[in-house]
$ cat model36.txt   # compact mmCIF, C-alpha atoms
# COMPACT_ATOMS: atom_id res chain seq x y z
CA MET A 188 40.93 -26.25 -3.90
CA THR A 189 42.61 -23.51 -1.87
CA LEU A 190 42.47 -19.83 -2.80
CA TYR A 191 45.82 -18.06 -3.08
CA THR A 192 45.90 -15.57 -0.20
CA TYR A 193 48.10 -12.58 0.62
CA GLU A 194 48.72 -12.18 4.35
CA THR A 195 50.13 -9.52 6.68
CA GLY A 196 50.12 -9.04 10.45
CA SER A 197 50.06 -11.50 13.30
CA PRO A 198 47.33 -14.18 13.47
CA ASN A 199 47.02 -13.23 17.15
CA LEU A 200 45.38 -9.95 16.11
CA ASN A 201 41.79 -9.49 14.95
CA THR A 202 41.47 -10.45 11.29
CA ILE A 203 40.29 -8.43 8.31
CA VAL A 204 39.49 -10.31 5.09
CA PHE A 205 39.71 -8.13 1.97
CA LEU A 206 37.78 -9.24 -1.14
CA HIS A 207 38.91 -7.71 -4.42
CA GLY A 208 36.91 -6.52 -7.40
CA GLY A 209 36.65 -8.25 -10.75
CA GLY A 210 39.65 -7.74 -13.02
CA ALA A 211 41.90 -7.13 -10.02
CA GLY A 212 43.42 -9.36 -7.33
CA GLY A 213 44.54 -9.46 -3.74
CA TRP A 214 47.28 -7.02 -4.73
CA MET A 215 44.77 -4.17 -4.92
CA TRP A 216 44.72 -4.14 -1.10
CA GLN A 217 48.48 -3.67 -0.73
CA ARG A 218 48.28 -0.16 0.71
CA GLN A 219 45.57 -1.07 3.23
CA MET A 220 47.40 -4.20 4.36
CA GLU A 221 50.67 -2.32 4.82
CA GLN A 222 48.96 0.43 6.82
CA LEU A 223 46.99 -1.95 9.04
CA GLN A 224 49.43 -4.79 9.59
CA SER A 225 50.56 -3.60 13.01
CA GLU A 226 46.95 -3.48 14.22
CA PHE A 227 45.25 -6.35 12.40
CA HIS A 228 45.85 -9.72 10.84
CA CYS A 229 44.99 -9.14 7.15
CA LEU A 230 44.05 -11.74 4.54
CA ALA A 231 43.40 -10.95 0.87
CA PRO A 232 42.37 -14.08 -1.05
CA GLU A 233 42.30 -14.11 -4.83
CA LEU A 234 38.88 -15.28 -5.96
CA PRO A 235 38.38 -18.28 -8.28
CA GLU A 236 39.59 -17.99 -11.88
CA GLN A 237 41.42 -14.77 -11.06
CA GLY A 238 45.10 -14.03 -10.48
CA ASN A 239 46.95 -16.78 -8.64
CA SER A 240 43.67 -18.65 -8.09
CA MET A 241 43.12 -19.16 -11.84
CA ASP A 242 43.10 -22.95 -11.43
CA VAL A 243 40.24 -22.82 -8.90
CA LYS A 244 37.19 -23.16 -11.15
CA PRO A 245 34.61 -21.90 -11.85
CA PHE A 246 34.10 -18.42 -10.46
CA THR A 247 30.64 -17.94 -8.99
CA ILE A 248 29.58 -15.50 -6.33
CA GLN A 249 27.89 -18.18 -4.25
CA GLY A 250 30.81 -20.58 -4.57
CA SER A 251 33.21 -17.82 -3.62
CA ALA A 252 31.16 -17.06 -0.50
CA GLU A 253 31.44 -20.70 0.54
CA MET A 254 35.22 -20.62 0.07
CA ILE A 255 35.58 -17.39 2.06
CA ALA A 256 33.49 -18.84 4.90
CA GLU A 257 35.80 -21.88 4.93
CA LEU A 258 38.88 -19.65 4.82
CA ILE A 259 37.67 -17.76 7.90
CA ARG A 260 36.79 -20.93 9.78
CA THR A 261 40.18 -22.55 9.11
CA ARG A 262 42.58 -19.60 9.27
CA VAL A 263 41.04 -17.22 11.78
CA PRO A 264 41.11 -18.08 15.49
CA GLY A 265 37.53 -18.09 16.70
CA GLY A 266 36.22 -18.47 13.16
CA LYS A 267 35.05 -14.87 12.81
CA ALA A 268 36.53 -11.94 10.85
CA HIS A 269 35.87 -8.41 9.67
CA VAL A 270 35.11 -8.58 5.92
CA VAL A 271 35.73 -5.76 3.43
CA GLY A 272 34.56 -6.18 -0.16
CA LEU A 273 34.64 -3.87 -3.18
CA SER A 274 32.64 -4.31 -6.39
CA GLU A 275 32.53 -8.04 -7.19
CA GLY A 276 34.15 -8.65 -3.81
CA ALA A 277 31.28 -6.65 -2.30
CA GLN A 278 28.82 -8.96 -4.03
CA VAL A 279 30.63 -11.94 -2.48
CA THR A 280 30.36 -10.18 0.88
CA VAL A 281 26.59 -9.85 0.40
CA ALA A 282 26.35 -13.57 -0.37
CA LEU A 283 28.54 -14.35 2.65
CA LEU A 284 26.28 -12.33 4.97
CA SER A 285 23.16 -14.00 3.60
CA ARG A 286 24.46 -17.58 3.96
CA PHE A 287 27.19 -17.54 6.61
CA PRO A 288 26.50 -14.58 8.92
CA ASP A 289 28.20 -16.37 11.81
CA VAL A 290 31.68 -15.83 10.31
CA VAL A 291 31.37 -12.03 9.99
CA ASP A 292 32.16 -9.61 12.81
CA HIS A 293 31.92 -6.26 10.95
CA ALA A 294 31.44 -5.79 7.20
CA ILE A 295 32.05 -3.09 4.62
CA ILE A 296 30.21 -3.43 1.30
CA SER A 297 31.48 -0.95 -1.27
CA SER A 298 29.61 -0.74 -4.61
CA ALA A 299 27.72 -4.01 -4.78
CA ILE A 300 25.40 -4.08 -7.80
CA LEU A 301 22.15 -5.94 -7.06
CA ARG A 302 19.92 -4.40 -9.73
CA PRO A 303 20.15 -4.56 -13.52
CA ILE A 304 21.80 -1.68 -15.33
CA PRO A 305 19.38 -1.31 -18.26
CA TRP A 306 21.86 -0.52 -21.03
CA VAL A 307 24.55 -2.90 -19.72
CA SER A 308 22.83 -6.11 -18.58
CA TRP A 309 21.97 -7.33 -22.08
CA MET A 310 25.68 -7.37 -22.94
CA PHE A 311 26.52 -9.91 -20.27
CA THR A 312 24.68 -13.00 -21.35
CA PRO A 313 27.19 -15.85 -21.86
CA ARG A 314 26.99 -15.43 -25.63
CA MET A 315 27.62 -11.68 -25.59
CA ALA A 316 30.33 -11.94 -22.93
CA GLY A 317 32.08 -14.55 -25.07
CA TRP A 318 31.89 -12.25 -28.08
CA ALA A 319 33.26 -9.36 -26.01
CA TYR A 320 36.19 -11.54 -24.96
CA ASP A 321 36.93 -12.63 -28.52
CA VAL A 322 37.16 -9.08 -29.87
CA SER A 323 38.78 -7.30 -26.90
CA VAL A 324 41.20 -9.70 -25.21
CA PRO A 325 43.11 -12.22 -27.40
CA PRO A 326 44.11 -9.71 -30.12
CA PHE A 327 45.52 -7.33 -27.49
CA LYS A 328 47.20 -9.56 -24.89
CA ASN A 329 50.63 -8.13 -25.74
CA ASN A 330 49.49 -4.59 -26.48
CA ASP A 331 50.48 -2.46 -23.50
CA SER A 332 48.71 0.60 -24.87
CA TRP A 333 45.37 -1.23 -25.08
CA ILE A 334 45.81 -2.81 -21.65
CA ARG A 335 46.72 0.54 -20.12
CA LEU A 336 43.71 2.17 -21.81
CA ASN A 337 41.41 -0.42 -20.23
CA MET A 338 43.08 -0.03 -16.86
CA LYS A 339 42.79 3.77 -16.79
CA TYR A 340 39.49 4.47 -18.51
CA SER A 341 37.43 1.33 -17.83
CA ALA A 342 38.62 0.62 -14.30
CA ALA A 343 40.32 3.87 -13.20
CA ILE A 344 43.20 1.93 -11.68
CA PRO A 345 46.34 4.02 -10.98
CA GLU A 346 49.48 3.55 -13.08
CA GLU A 347 51.46 1.97 -10.24
CA TYR A 348 49.31 -1.14 -10.56
CA PHE A 349 49.91 -1.62 -14.30
CA PRO A 350 52.20 -4.68 -14.05
CA ARG A 351 49.64 -6.51 -11.89
CA PHE A 352 46.69 -5.43 -14.03
CA LYS A 353 48.54 -6.62 -17.13
CA GLU A 354 49.05 -10.05 -15.54
CA VAL A 355 45.32 -10.28 -14.88
CA PHE A 356 44.45 -9.20 -18.43
CA GLN A 357 46.86 -11.69 -19.97
CA GLY A 358 45.58 -14.45 -17.69
CA TYR A 359 41.96 -14.28 -18.82
CA THR A 360 40.53 -17.31 -20.55
CA ARG A 361 37.28 -17.22 -22.46
CA ASP A 362 35.53 -19.17 -19.70
CA SER A 363 36.90 -17.06 -16.85
CA PHE A 364 35.90 -13.85 -18.63
CA ILE A 365 32.37 -15.12 -19.25
CA HIS A 366 31.97 -16.25 -15.63
CA LEU A 367 33.25 -12.91 -14.32
CA MET A 368 30.94 -10.82 -16.49
CA THR A 369 27.77 -12.88 -16.14
CA GLU A 370 28.06 -13.38 -12.38
CA ASN A 371 28.54 -9.66 -11.83
CA GLN A 372 25.29 -8.80 -13.61
CA SER A 373 23.16 -11.69 -12.30
CA LEU A 374 23.22 -11.23 -8.52
CA ARG A 375 20.01 -9.93 -6.96
CA MET A 376 19.09 -9.26 -3.34
CA PRO A 377 19.46 -12.66 -1.62
CA THR A 378 17.28 -14.08 1.09
CA GLY A 379 18.71 -14.51 4.58
CA LEU A 380 20.21 -11.04 5.02
CA GLU A 381 17.76 -10.39 7.84
CA ARG A 382 19.82 -12.88 9.91
CA ALA A 383 23.05 -10.92 9.39
CA THR A 384 23.38 -8.82 12.53
CA ALA A 385 27.02 -7.78 11.97
CA PRO A 386 27.43 -3.99 11.83
CA THR A 387 27.66 -3.32 8.10
CA LEU A 388 28.79 -0.17 6.32
CA VAL A 389 27.31 0.13 2.82
CA VAL A 390 29.20 2.59 0.60
CA VAL A 391 28.60 3.81 -2.94
CA GLY A 392 30.22 6.52 -5.06
CA LYS A 393 28.29 9.73 -5.65
CA LYS A 394 28.94 9.48 -9.41
CA GLU A 395 28.07 5.80 -9.79
CA TYR A 396 25.17 4.43 -11.84
CA PRO A 397 21.66 4.93 -10.40
CA ALA A 398 21.24 1.14 -10.19
CA MET A 399 24.36 0.94 -8.00
CA ILE A 400 23.14 3.72 -5.72
CA GLN A 401 19.71 2.12 -5.41
CA SER A 402 21.36 -1.23 -4.64
CA ALA A 403 23.09 0.46 -1.70
CA ARG A 404 19.76 1.81 -0.47
CA ASP A 405 18.23 -1.67 -0.80
CA LEU A 406 20.99 -3.18 1.33
CA VAL A 407 20.63 -0.56 4.05
CA ALA A 408 16.87 -1.21 4.14
CA THR A 409 17.35 -4.99 4.32
CA LEU A 410 20.30 -5.50 6.67
CA PRO A 411 19.23 -5.11 10.31
CA ASN A 412 22.38 -3.29 11.47
CA ALA A 413 23.54 -1.29 8.45
CA ALA A 414 24.61 2.29 7.80
CA GLY A 415 24.69 3.83 4.32
CA ARG A 416 27.28 6.32 3.12
CA MET A 417 28.07 8.05 -0.17
CA ILE A 418 31.70 8.71 -1.05
CA SER A 419 32.71 11.78 -3.04
CA LEU A 420 36.28 12.38 -4.19
CA GLY A 421 35.61 15.85 -5.53
CA LYS A 422 34.28 17.52 -8.67
CA LYS A 423 37.16 16.36 -10.85
CA SER A 424 36.89 12.70 -9.90
CA SER A 425 35.38 10.13 -12.26
CA LEU A 426 32.84 7.37 -11.71
CA GLY A 427 35.64 4.81 -11.90
CA GLN A 428 37.80 6.61 -9.36
CA GLU A 429 34.95 6.67 -6.85
CA HIS A 430 34.13 3.04 -7.59
CA ASN A 431 37.75 1.97 -7.03
CA TRP A 432 38.42 4.41 -4.22
CA SER A 433 40.53 1.93 -2.27
CA MET A 434 43.27 2.44 -4.88
CA ASN A 435 42.58 6.07 -5.80
CA SER A 436 42.28 7.31 -2.21
CA PRO A 437 43.98 4.53 -0.23
CA ASP A 438 44.56 6.55 2.95
CA LEU A 439 40.90 7.54 3.09
CA PHE A 440 39.84 3.95 2.53
CA THR A 441 42.15 2.70 5.28
CA HIS A 442 40.85 5.38 7.63
CA THR A 443 37.29 4.24 6.89
CA VAL A 444 38.08 0.57 7.54
CA ARG A 445 39.83 1.33 10.81
CA ALA A 446 37.07 3.67 11.98
CA TRP A 447 34.22 1.30 11.15
CA ILE A 448 35.57 -1.80 12.82
CA THR A 449 36.76 0.09 15.92
CA ASN A 450 33.51 2.05 16.28
CA GLN A 451 35.11 5.46 15.64
CA PRO A 452 33.65 8.40 13.65
CA LEU A 453 33.77 7.94 9.88
CA PRO A 454 35.67 10.40 7.65
CA ARG A 455 33.75 13.50 6.58
CA GLU A 456 34.12 12.49 2.91
CA LEU A 457 31.50 9.81 3.56
CA ALA A 458 28.16 11.61 3.69
CA PRO A 459 24.90 9.90 4.74
CA LEU A 460 23.35 7.99 1.84
CA PRO A 461 20.37 10.03 0.59

$ encode --input "model36.txt" --output "C-alpha cells"
Amino acid sequence: MTLYTYETGSPNLNTIVFLHGGGAGGWMWQRQMEQLQSEFHCLAPELPEQGNSMDVKPFTIQGSAEMIAELIRTRVPGGKAHVVGLSEGAQVTVALLSRFPDVVDHAIISSAILRPIPWVSWMFTPRMAGWAYDVSVPPFKNNDSWIRLNMKYSAAIPEEYFPRFKEVFQGYTRDSFIHLMTENQSLRMPTGLERATAPTLVVVGKKEYPAMIQSARDLVATLPNAAGRMISLGKKSSLGQEHNWSMNSPDLFTHTVRAWITNQPLPRELAPLP
C-alpha cells in the first residue's frame, strides 16, 4: 500500500524526504517545507498506522524503511534523496541507511534511541503498552484538555499544531498504539551501517536522556562519514522542546538542513557532541 505523502517544490530539484516522529505526521514539517520549497523538492510521507496512512498496517521500523526506499526509487529522479528523520523517523532513517544506503544522498538523524532507557523500556512490552492505551486514550478521545496536556507536556508540541495532534490522538487504535510504543523501544544498532557512506549529521538535545545521547555517540562511531552535534535551545528549554526542535525552533532546524546538505557551516547552536 502507498504512504500518504505531503509534497512541495518541483520534482526537477534535489529531493529531501522528511520522516516524522511518533505521535505526529507529515504536517510537523510544514514550516521546513514552506521555507525550502523554492530550493528543493520536499516529500513528507506519513508512516504506517499514523495520520493519513492509518490503513497501511502494521507499523514497524524495518517495514517503514522498505517503504521509504521504494518511495525514493519511484518518486525521485535518479532514485536518491536527502533524508531527514526525527525521533521515530530518525530510527527509520537508521534502518534505511543500514539496508538501503544507495537511496540516501545526505542524512540527518535527530534523536534516534538505540539503547534501552532503564526506567522506561519495561513499560513498552505489548501487554503494558496495551494497558497504557486502555487507560489513557479511549476515555479521553474527546477531552481537549487531556489531549492538549499530552501535546504540551509529553511531546512539547506548540499550540499551533493542536488540531493536527488531536486528529492523531483520536485516530489511535489499540494495535497502532502498541506497535508505535514497542517498535520505538526495541530498535538496537543494526548491522550494515558501515556500508552507509552518505554524509550523516547525528543530532541530540543537550537535555535528553543519557541513553539517547549515548545512542548518538554510538551512531557517530559506527557510521563511516558522520558528524555528531548537540543542540541546546537555552537554559529555559525543556527536554521535549529540544527533542522536537523542528517545531519549537523551526528556522534553526531549516537552517541546519540547508547547511548540511549544501556543505555549509552549521549553526552555532549545534555544538560538537562530547

$ closest_residue --input "model36.txt" --among "A:Ala252, A:Ala408, A:Ala316, A:Leu206" --to "Ser363 of chain A" --atoms "only C-alpha atoms"
A:Ala316

$ closest_atom_pairs --input "model36.txt" --of "segment 335-370 of chain A" --to "segment 426-433 of chain A" --cutoff "8 Å" --atoms "all atoms listed in the file" --output "tab-separated table"
residue	atom	partner	partner_atom	distance
A:Tyr340	CA	A:Gly427	CA	7.7
A:Ser341	CA	A:Gly427	CA	7.1
A:Ala342	CA	A:Gly427	CA	5.7
A:Ala343	CA	A:Gly427	CA	4.9
A:Ile344	CA	A:Asn431	CA	7.2

$ closest_residue --input "model36.txt" --among "A:Leu380, A:Val307, A:Leu374, A:Val355" --to "Gln237 of chain A" --atoms "only C-alpha atoms"
A:Val355

$ residues_around --input "model36.txt" --residues "Leu460 of chain A" --least-positions-apart "4" --cutoff "8 Å" --atoms "all atoms listed in the file" --output "list in words"
Arg404, Gly415, Arg416 and Met417 of chain A

$ atom_distance --input "model36.txt" --atom1 "atom CA of Pro461 of chain A" --atom2 "atom CA of Ile400 of chain A"
9.3 Å

$ closest_atom_pairs --input "model36.txt" --of "segment 282-349 of chain A" --to "segment 267-271 of chain A" --cutoff "12 Å" --atoms "only C-alpha atoms" --output "CSV"
residue,atom,partner,partner_atom,distance
A:Ala282,CA,A:Val270,CA,11.9
A:Leu283,CA,A:Val270,CA,9.3
A:Leu284,CA,A:Val270,CA,9.6
A:Phe287,CA,A:Lys267,CA,10.4
A:Pro288,CA,A:Lys267,CA,9.4
A:Asp289,CA,A:Lys267,CA,7.1
A:Val290,CA,A:Lys267,CA,4.3
A:Val291,CA,A:Ala268,CA,5.2
A:Asp292,CA,A:His269,CA,5.0
A:His293,CA,A:His269,CA,4.7
A:Ala294,CA,A:Val270,CA,4.8
A:Ile295,CA,A:Val271,CA,4.7
A:Ile296,CA,A:Val271,CA,6.4
A:Ser297,CA,A:Val271,CA,8.0
A:Ser298,CA,A:Val271,CA,11.3
A:Ala299,CA,A:Val271,CA,11.6

$ atom_distance --input "model36.txt" --atom1 "atom CA of Thr192 of chain A" --atom2 "atom CA of Met215 of chain A"
12.4 Å

$ residues_near_point --input "model36.txt" --point "(43.7, -16.1, 14.5)" --cutoff "8 Å" --atoms "all atoms listed in the file" --output "PDB file with C-alpha atoms, keeping the file's coordinate frame"
ATOM      1  CA  SER A 197      50.060 -11.500  13.300  1.00  0.00           C
ATOM      2  CA  PRO A 198      47.330 -14.180  13.470  1.00  0.00           C
ATOM      3  CA  ASN A 199      47.020 -13.230  17.150  1.00  0.00           C
ATOM      4  CA  LEU A 200      45.380  -9.950  16.110  1.00  0.00           C
ATOM      5  CA  ASN A 201      41.790  -9.490  14.950  1.00  0.00           C
ATOM      6  CA  THR A 202      41.470 -10.450  11.290  1.00  0.00           C
ATOM      7  CA  HIS A 228      45.850  -9.720  10.840  1.00  0.00           C
ATOM      8  CA  ARG A 262      42.580 -19.600   9.270  1.00  0.00           C
ATOM      9  CA  VAL A 263      41.040 -17.220  11.780  1.00  0.00           C
ATOM     10  CA  PRO A 264      41.110 -18.080  15.490  1.00  0.00           C
ATOM     11  CA  GLY A 265      37.530 -18.090  16.700  1.00  0.00           C
ATOM     12  CA  GLY A 266      36.220 -18.470  13.160  1.00  0.00           C
TER      13      GLY A 266
END

$ residues_around --input "model36.txt" --residues "Gly209 of chain A" --least-positions-apart "3" --cutoff "8 Å" --atoms "all atoms listed in the file" --output "PyMOL selection string"
chain A and resi 212+274-276+367

$ closest_residue --input "model36.txt" --among "A:Leu453, A:Glu194, A:Leu234, A:Asp438" --to "Phe246 of chain A" --atoms "only C-alpha atoms"
A:Leu234

$ closest_residue --input "model36.txt" --among "A:Ile365, A:Ile448, A:Leu410, A:Met376" --to "Met310 of chain A" --atoms "all atoms listed in the file"
A:Ile365

$ closest_residue --input "model36.txt" --among "A:Val389, A:Ala383, A:Ile259, A:Val324" --to "Gln357 of chain A" --atoms "all atoms listed in the file"
A:Val324

$ residues_around --input "model36.txt" --residues "Ile334 of chain A" --least-positions-apart "6" --cutoff "9 Å" --atoms "all atoms listed in the file" --output "tab-separated table (two decimals) with C-alpha atoms, in the frame of the given file"
chain	number	residue	atom	x	y	z
A	327	PHE	CA	45.52	-7.33	-27.49
A	328	LYS	CA	47.20	-9.56	-24.89
A	349	PHE	CA	49.91	-1.62	-14.30
A	352	PHE	CA	46.69	-5.43	-14.03
A	353	LYS	CA	48.54	-6.62	-17.13
A	356	PHE	CA	44.45	-9.20	-18.43

$ atom_distance --input "model36.txt" --atom1 "atom CA of Ala414 of chain A" --atom2 "atom CA of Gln401 of chain A"
14.1 Å

$ residues_around --input "model36.txt" --residues "Glu456 of chain A" --least-positions-apart "6" --cutoff "8 Å" --atoms "all atoms listed in the file" --output "PyMOL selection string"
chain A and resi 418-420

$ closest_residue --input "model36.txt" --among "A:Ala277, A:Leu190, A:Leu230, A:Leu457" --to "Phe440 of chain A" --atoms "all atoms listed in the file"
A:Leu457

$ residues_around --input "model36.txt" --residues "Thr247 of chain A" --least-positions-apart "6" --cutoff "8 Å" --atoms "all atoms listed in the file" --output "VMD selection string"
chain A and resid 235 366 to 367 370
